[in-house]
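upload_6.cif follows (mmCIF, C-alpha atoms and all ligand atoms):
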```cif
data_input
loop_
_atom_site.label_atom_id
_atom_site.label_comp_id
_atom_site.auth_asym_id
_atom_site.auth_seq_id
_atom_site.Cartn_x
_atom_site.Cartn_y
_atom_site.Cartn_z
CA MET A 283 56.18 20.72 69.01
CA ARG A 284 53.97 23.44 70.38
CA GLY A 285 55.86 26.68 70.29
CA ALA A 286 59.04 24.82 71.22
CA ALA A 287 62.09 27.10 71.19
CA LEU A 288 65.57 26.99 72.61
CA THR A 289 67.84 29.85 73.55
CA TYR A 290 71.32 28.97 74.79
CA ALA A 291 72.07 31.15 77.82
CA GLY A 292 75.48 32.32 76.62
CA PRO A 293 76.76 34.95 77.06
CA PRO A 294 75.85 36.05 74.54
CA PRO A 295 72.48 34.26 74.37
CA VAL A 296 71.92 32.31 71.14
CA GLU A 297 68.37 31.87 69.87
CA ALA A 298 69.14 28.49 68.29
CA LEU A 299 65.50 27.53 67.63
CA LYS A 300 62.66 30.03 67.35
CA PRO A 301 59.15 29.02 68.50
CA CYS A 302 57.97 26.31 66.17
CA HIS A 303 54.76 24.35 65.74
CA ILE A 304 55.43 21.12 63.96
CA ARG A 305 53.56 17.84 64.12
CA ILE A 306 55.33 14.78 62.82
CA HIS A 307 52.92 11.93 62.25
CA PRO A 308 53.60 8.26 62.98
CA GLY A 309 55.19 6.59 59.97
CA GLU A 310 56.30 9.83 58.31
CA TYR A 311 59.74 10.20 56.75
CA VAL A 312 60.78 13.80 57.30
CA THR A 313 64.06 15.30 56.13
CA ILE A 314 65.58 18.50 57.52
CA THR A 315 67.81 20.81 55.53
CA GLY A 316 69.38 24.17 56.27
CA PRO A 317 72.75 25.90 56.48
CA SER A 318 75.33 25.01 59.10
CA GLY A 319 74.47 26.60 62.44
CA SER A 320 70.80 27.14 61.50
CA GLY A 321 69.41 25.03 64.37
CA LYS A 322 68.92 21.59 62.77
CA SER A 323 70.64 19.60 65.52
CA THR A 324 68.92 21.74 68.15
CA PHE A 325 65.55 20.79 66.64
CA LEU A 326 66.48 17.11 66.52
CA ASN A 327 67.81 17.08 70.08
CA ILE A 328 64.56 18.56 71.35
CA ALA A 329 62.50 16.08 69.29
CA GLY A 330 64.66 13.27 70.71
CA LEU A 331 64.27 14.48 74.31
CA LEU A 332 68.01 15.04 74.66
CA ASP A 333 67.39 18.73 75.29
CA ALA A 334 64.34 20.41 76.78
CA PRO A 335 63.07 23.54 75.03
CA THR A 336 63.54 26.77 77.00
CA GLN A 337 60.07 27.84 75.84
CA GLY A 338 56.99 25.95 74.61
CA THR A 339 56.52 22.20 74.77
CA CYS A 340 57.38 19.04 72.93
CA LEU A 341 54.85 16.20 73.00
CA LEU A 342 55.49 12.56 72.24
CA ASN A 343 52.33 10.59 71.50
CA GLY A 344 50.39 13.20 73.47
CA THR A 345 52.67 13.17 76.52
CA ASP A 346 54.11 16.56 77.40
CA THR A 347 57.76 15.61 77.73
CA THR A 348 58.82 18.96 79.20
CA THR A 349 56.99 18.32 82.49
CA LEU A 350 58.54 14.87 83.01
CA SER A 351 61.36 14.26 85.44
CA GLU A 352 64.80 13.69 83.90
CA ARG A 353 64.48 10.02 84.82
CA ASP A 354 61.09 9.59 83.14
CA ARG A 355 62.29 11.45 80.08
CA THR A 356 65.30 9.14 79.80
CA ALA A 357 63.06 6.08 80.14
CA LEU A 358 60.68 7.40 77.47
CA ARG A 359 63.61 8.10 75.14
CA GLY A 360 65.16 4.68 75.73
CA GLY A 361 61.92 2.89 74.90
CA ARG A 362 60.80 4.88 71.89
CA ILE A 363 63.63 6.78 70.24
CA GLY A 364 66.79 5.77 68.38
CA PHE A 365 69.61 8.16 67.42
CA VAL A 366 72.13 7.97 64.59
CA PHE A 367 74.92 10.55 64.20
CA GLN A 368 77.32 11.54 61.44
CA SER A 369 80.33 10.26 63.36
CA PHE A 370 79.28 6.77 64.28
CA HIS A 371 80.30 6.98 67.97
CA LEU A 372 81.38 3.35 68.12
CA VAL A 373 83.83 2.02 70.69
CA PRO A 374 86.84 1.06 68.51
CA HIS A 375 88.01 -2.11 70.22
CA ARG A 376 84.63 -3.67 70.87
CA SER A 377 82.94 -5.97 68.37
CA ALA A 378 79.84 -4.99 66.42
CA VAL A 379 77.67 -7.05 68.78
CA GLU A 380 79.29 -5.48 71.84
CA ASN A 381 78.83 -1.98 70.44
CA VAL A 382 75.14 -2.60 69.89
CA MET A 383 74.85 -4.11 73.38
CA LEU A 384 76.58 -1.07 74.94
CA GLY A 385 73.73 1.03 73.58
CA MET A 386 71.32 -0.91 75.81
CA LEU A 387 73.37 -0.55 78.98
CA TYR A 388 71.32 2.26 80.45
CA ASN A 389 68.00 1.18 79.03
CA PRO A 390 65.85 -0.07 81.91
CA ALA A 391 63.45 -1.69 79.42
CA VAL A 392 66.05 -4.28 78.39
CA ALA A 393 66.98 -7.15 80.70
CA ARG A 394 70.67 -8.08 80.72
CA HIS A 395 70.05 -11.61 79.37
CA GLU A 396 68.17 -10.20 76.35
CA ARG A 397 70.97 -7.95 75.14
CA THR A 398 72.97 -10.39 73.04
CA ALA A 399 69.99 -11.71 71.10
CA LEU A 400 68.60 -8.23 70.49
CA ALA A 401 72.00 -7.01 69.28
CA ARG A 402 72.41 -9.95 66.89
CA ASP A 403 68.90 -9.53 65.51
CA ALA A 404 69.51 -5.83 64.88
CA LEU A 405 72.81 -6.50 63.10
CA VAL A 406 71.18 -9.14 60.92
CA ARG A 407 68.48 -6.64 60.06
CA VAL A 408 71.02 -4.09 58.78
CA GLY A 409 72.79 -6.76 56.74
CA LEU A 410 75.73 -7.38 59.05
CA GLY A 411 74.89 -10.87 60.24
CA HIS A 412 78.23 -12.05 58.84
CA ARG A 413 80.24 -9.35 60.71
CA LEU A 414 78.94 -9.77 64.25
CA ASN A 415 82.36 -10.11 65.85
CA ALA A 416 84.26 -7.59 63.72
CA VAL A 417 85.66 -4.50 65.45
CA PRO A 418 84.98 -1.06 63.93
CA THR A 419 88.62 -0.63 62.91
CA ARG A 420 88.10 -3.60 60.55
CA LEU A 421 84.79 -2.34 59.16
CA SER A 422 84.22 0.12 56.33
CA GLY A 423 82.54 3.48 56.97
CA GLY A 424 79.24 2.21 55.61
CA GLU A 425 79.43 -0.89 57.81
CA CYS A 426 80.22 1.27 60.85
CA GLN A 427 77.17 3.40 60.17
CA ARG A 428 75.09 0.24 59.83
CA VAL A 429 76.36 -0.91 63.26
CA ALA A 430 75.31 2.50 64.62
CA ILE A 431 71.88 2.10 63.01
CA ALA A 432 71.61 -1.42 64.48
CA ARG A 433 72.43 0.06 67.89
CA ALA A 434 69.64 2.61 67.44
CA LEU A 435 67.18 -0.08 66.29
CA ALA A 436 67.98 -2.82 68.76
CA THR A 437 65.34 -1.81 71.28
CA ALA A 438 62.65 -1.40 68.60
CA PRO A 439 62.07 2.35 68.79
CA SER A 440 59.13 3.81 66.90
CA LEU A 441 61.07 6.99 66.04
CA LEU A 442 64.51 7.10 64.46
CA LEU A 443 66.37 10.43 64.47
CA CYS A 444 69.43 10.78 62.24
CA ASP A 445 71.81 13.76 62.26
CA GLU A 446 73.61 13.76 58.89
CA PRO A 447 73.85 9.96 58.77
CA THR A 448 75.61 9.90 55.39
CA GLY A 449 77.84 12.94 56.01
CA ASN A 450 80.99 10.83 56.37
CA LEU A 451 80.21 8.31 53.63
CA ASP A 452 81.05 8.14 49.93
CA THR A 453 78.17 8.20 47.45
CA ALA A 454 77.82 4.45 46.89
CA THR A 455 78.03 3.65 50.60
CA ALA A 456 75.60 6.45 51.41
CA ALA A 457 73.12 4.99 48.93
CA ALA A 458 73.16 1.64 50.76
CA VAL A 459 72.50 3.36 54.09
CA LEU A 460 69.65 5.35 52.51
CA ASP A 461 68.16 2.14 51.10
CA LEU A 462 68.21 0.77 54.62
CA LEU A 463 66.39 3.87 55.92
CA ASP A 464 63.82 3.42 53.11
CA ALA A 465 63.27 -0.18 54.20
CA LEU A 466 62.75 0.92 57.81
CA HIS A 467 60.26 3.51 56.60
CA GLN A 468 58.41 0.79 54.63
CA ASP A 469 58.20 -1.17 57.87
CA GLY A 470 56.42 1.74 59.54
CA MET A 471 59.27 3.47 61.35
CA THR A 472 58.96 7.25 61.78
CA LEU A 473 62.14 8.83 60.45
CA VAL A 474 63.58 12.33 60.88
CA VAL A 475 66.82 12.80 58.96
CA ILE A 476 69.02 15.90 58.87
CA THR A 477 71.02 16.21 55.68
CA HIS A 478 73.09 18.48 53.48
CA ALA A 479 72.66 16.23 50.44
CA PRO A 480 69.78 16.92 48.00
CA GLU A 481 69.49 13.21 47.14
CA VAL A 482 68.81 12.49 50.81
CA ALA A 483 66.40 15.42 51.24
CA ASP A 484 64.26 14.14 48.38
CA ARG A 485 63.84 10.66 49.82
CA GLY A 486 61.41 11.68 52.54
CA ASP A 487 57.66 12.30 52.40
CA ARG A 488 58.19 15.81 53.62
CA ARG A 489 60.98 18.29 54.07
CA LEU A 490 61.56 20.87 56.79
CA HIS A 491 63.97 23.70 56.10
CA ILE A 492 65.57 25.62 58.95
CA ARG A 493 67.14 29.03 58.56
CA ASP A 494 68.35 31.17 61.45
CA GLY A 495 66.39 28.98 63.86
CA GLU A 496 63.15 29.36 61.93
CA VAL A 497 61.47 26.19 60.65
CA SER A 498 59.63 26.12 57.33
CA ASP A 499 57.60 23.16 56.13
CA ILE A 500 58.10 22.22 52.50
CA ARG A 501 55.58 19.66 51.38
CA ARG A 502 56.06 17.59 48.29
CA GLY A 503 53.77 18.75 45.53
CA GLY A 504 52.47 21.53 47.78
CA PRO A 505 53.29 25.22 47.83
CA ASP A 506 56.98 25.95 47.73
CA SER A 507 57.39 26.89 51.31
CA THR A 508 54.94 27.38 54.14
CA ARG A 509 56.06 28.99 57.36
CA ALA A 510 55.70 26.45 60.10
CA THR A 511 55.81 29.00 62.88
CA HIS A 512 52.37 30.09 64.06
CA THR A 513 51.22 31.56 67.32
CA ALA A 514 47.42 31.49 66.99
CA ALA A 515 45.32 28.34 67.42
CA GLU A 516 43.53 27.07 64.34
CA PRO A 517 39.76 27.79 64.08
CA ASN A 518 38.81 24.20 64.93
CA GLY A 519 40.66 24.52 68.21
CA ALA A 520 43.31 22.01 67.21
CA ALA A 521 46.90 22.87 67.87
CA PRO A 522 48.30 24.77 64.90
CA CYS A 523 50.37 22.11 63.30
CA ALA A 524 52.19 21.80 60.07
P1 LIG B 601 73.11 23.02 62.89
O1 LIG B 601 72.87 21.64 63.39
O2 LIG B 601 72.06 23.49 61.93
O3 LIG B 601 74.48 23.19 62.32
P2 LIG B 601 72.93 23.74 65.70
O4 LIG B 601 71.54 23.37 66.09
O5 LIG B 601 74.01 22.82 66.14
O6 LIG B 601 72.99 24.03 64.14
O7 LIG B 601 73.27 25.16 66.31
C1 LIG B 601 72.39 26.28 66.20
C2 LIG B 601 73.05 27.50 66.84
O8 LIG B 601 73.21 27.29 68.23
C3 LIG B 601 74.43 27.80 66.29
O9 LIG B 601 74.58 29.20 66.24
C4 LIG B 601 75.35 27.20 67.33
O10 LIG B 601 76.59 27.89 67.37
C5 LIG B 601 74.56 27.43 68.60
N1 LIG B 601 74.85 26.42 69.62
C6 LIG B 601 74.76 25.06 69.49
N2 LIG B 601 75.06 24.45 70.65
C7 LIG B 601 75.32 25.42 71.54
C8 LIG B 601 75.68 25.44 72.94
N3 LIG B 601 75.81 24.31 73.65
N4 LIG B 601 75.87 26.64 73.52
C9 LIG B 601 75.73 27.79 72.83
N5 LIG B 601 75.40 27.85 71.52
C10 LIG B 601 75.19 26.69 70.88
MG MG B 602 74.15 19.94 63.33
#
```
What does the file become when written as structure tokens?
Amino acid sequence: MRGAALTYAGPPPVEALKPCHIRIHPGEYVTITGPSGSGKSTFLNIAGLLDAPTQGTCLLNGTDTTTLSERDRTALRGGRIGFVFQSFHLVPHRSAVENVMLGMLYNPAVARHERTALARDALVRVGLGHRLNAVPTRLSGGECQRVAIARALATAPSLLLCDEPTGNLDTATAAAVLDLLDALHQDGMTLVVITHAPEVADRGDRRLHIRDGEVSDIRRGGPDSTRATHTAAEPNGAAPCA
């Protein structure tokens, strides 16, 4: 993000995210903490191309996503980015396989005849190969979240964005979901995970903390907290990145 910021028009206007310069590297596991209403979801939605910043830019692999058409942005998101939310957003009376397939419905990169195989593969990967035809009402919370993760993974994104993925799960179930995220990270997936839970925040390589829309970068083993909001370019001419 290069000075990316978002102000909701209101009235009254809400400065949900203040200009931030953050670079997330391929393969990093970044966690995001901060009080409720501090701008965490706003940050994630911009990173995931669901929302465009009202100021500054957001680049994905060097492509300025803010100048793309809505259609191109959607295609880029569909091919590269997976989302997981606190409330699993599954369709209750559709099987696990069907739920994962529904996630591909508007993805132009996936041909119709590929959907079933991709959905099954993703469910096997999250450990639900034996529950392919179960409906969410017959699955536990942890299993539902694994279906949602399978849906996010089915099209092989390189970036997985999770907004409080364990927020609705008990401790033991949450641990299994976190182990799954660890395994994805080991496989090279870039992860950005919003969380309230300290045990989740400590799993990543790096932690961002957001307060009143202002993003701070907390590196493991580094100084306690470094402001991640800069306006000047660095001396070497590179974009000022965290
Ligand atoms: P968090 O995820 O940290 O709880 P959010 O990013 O959802 O915070 O919200 C940041 C701020 O923006 C909050 O003050 C919230 O009320 C406000 N906000 C979020 N969505 C909207 C919206 N659609 N319109 C106006 N204000 C919003
Ligand atoms: Mg939120």
Task: Site check for ligand LIG 601 (chain B): residues at most 9 Å away, only C-alpha atoms and all ligand atoms, as a PyMOL selection string - done: chain A and resi 288-299+315-327+445+476+492-495
TODO: For CA of Pro439 (chain A) and CA of Asp461 (chain A), quote the distance in Å rounded to one decimal.
DONE: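 Separation between CA of Pro439 (chain A) and CA of Asp461 (chain A): 18.7 Å.
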- [ ] Would you mind telling me which residue in A:Leu462, A:Val373, A:Gln368, A:Gly411 lies nearest to ligand MG 602 (chain B) when using all atoms listed in the file?
- [x]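 So, comparing all the options, the nearest one is A:Gln368.
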TODO: One decimal, Å: what's the distance from CA of Tyr311 (chain A) over to CA of Thr453 (chain A), could you say?
DONE: 20.7 Å
Open item on the list: Could you tell me how far CA of Tyr388 (chain A) sits from CA of Thr336 (chain A), in Å to one decimal place?
Closed with: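 Computing the Euclidean distance for CA of Thr336 (chain A) and CA of Tyr388 (chain A) yields 25.9 Å.
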- [ ] Can you pull out every residue within 10 Å of Ala479 (chain A), counting all atoms listed in the file, but drop anything in the same chain fewer than 6 positions away, and send it as a list in words?
- [x] Thr315, Glu446, Thr448 and Gly449 of chain A
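If only C-alpha atoms are the atoms counted, then among A:Val429, A:Val417, A:Cys302, A:Leu331 the closest residue to Asp354 (chain A) is A:Leu331.
Of the residues under consideration (A:Leu341, A:Ala329, A:Val379, A:Val312), A:Leu341 shows the shortest atom-to-atom contact distance to Arg284 (chain A) when counting all atoms listed in the file.
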Task: Distance query Ile363 (chain A) at most 7 Å, only C-alpha atoms, self and fewer than 4 positions along chain excluded, as a list of chain:residue names - done: A:Gly330, A:Arg359, A:Pro439, A:Ser440, A:Leu441, A:Leu442
Open item on the list: Restricting the calculation to only C-alpha atoms: of A:Asp403, A:Asp469, A:Asp487, A:Asp346, which residue gets closest to Thr313 (chain A)?
Closed with: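 Distance minimum relative to Thr313 (chain A) lands on A:Asp487.
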Open item on the list: Please determine, counting all atoms listed in the file, which residue among A:Thr437, A:Thr477, A:Thr347, A:Asn381 has the shortest atom-to-atom distance to Ala393 (chain A).
Closed with: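 Ranked by minimum distance to Ala393 (chain A), first place goes to A:Thr437.
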- [ ] With a distance cut-off of 10 Å and all atoms listed in the file, select the neighbouring residues of Pro390 (chain A), excluding the residue or stretch itself and same-chain residues fewer than 2 positions from it, and output the selection as a PyMOL selection string.
- [x] chain A and resi 356-357+360-361+386-388+392-394
TODO: Pick out the closest residue to Leu384 (chain A) from this set: A:Arg428, A:Leu414, A:Ala436, A:Thr345. Count all atoms listed in the file.
DONE: A:Ala436
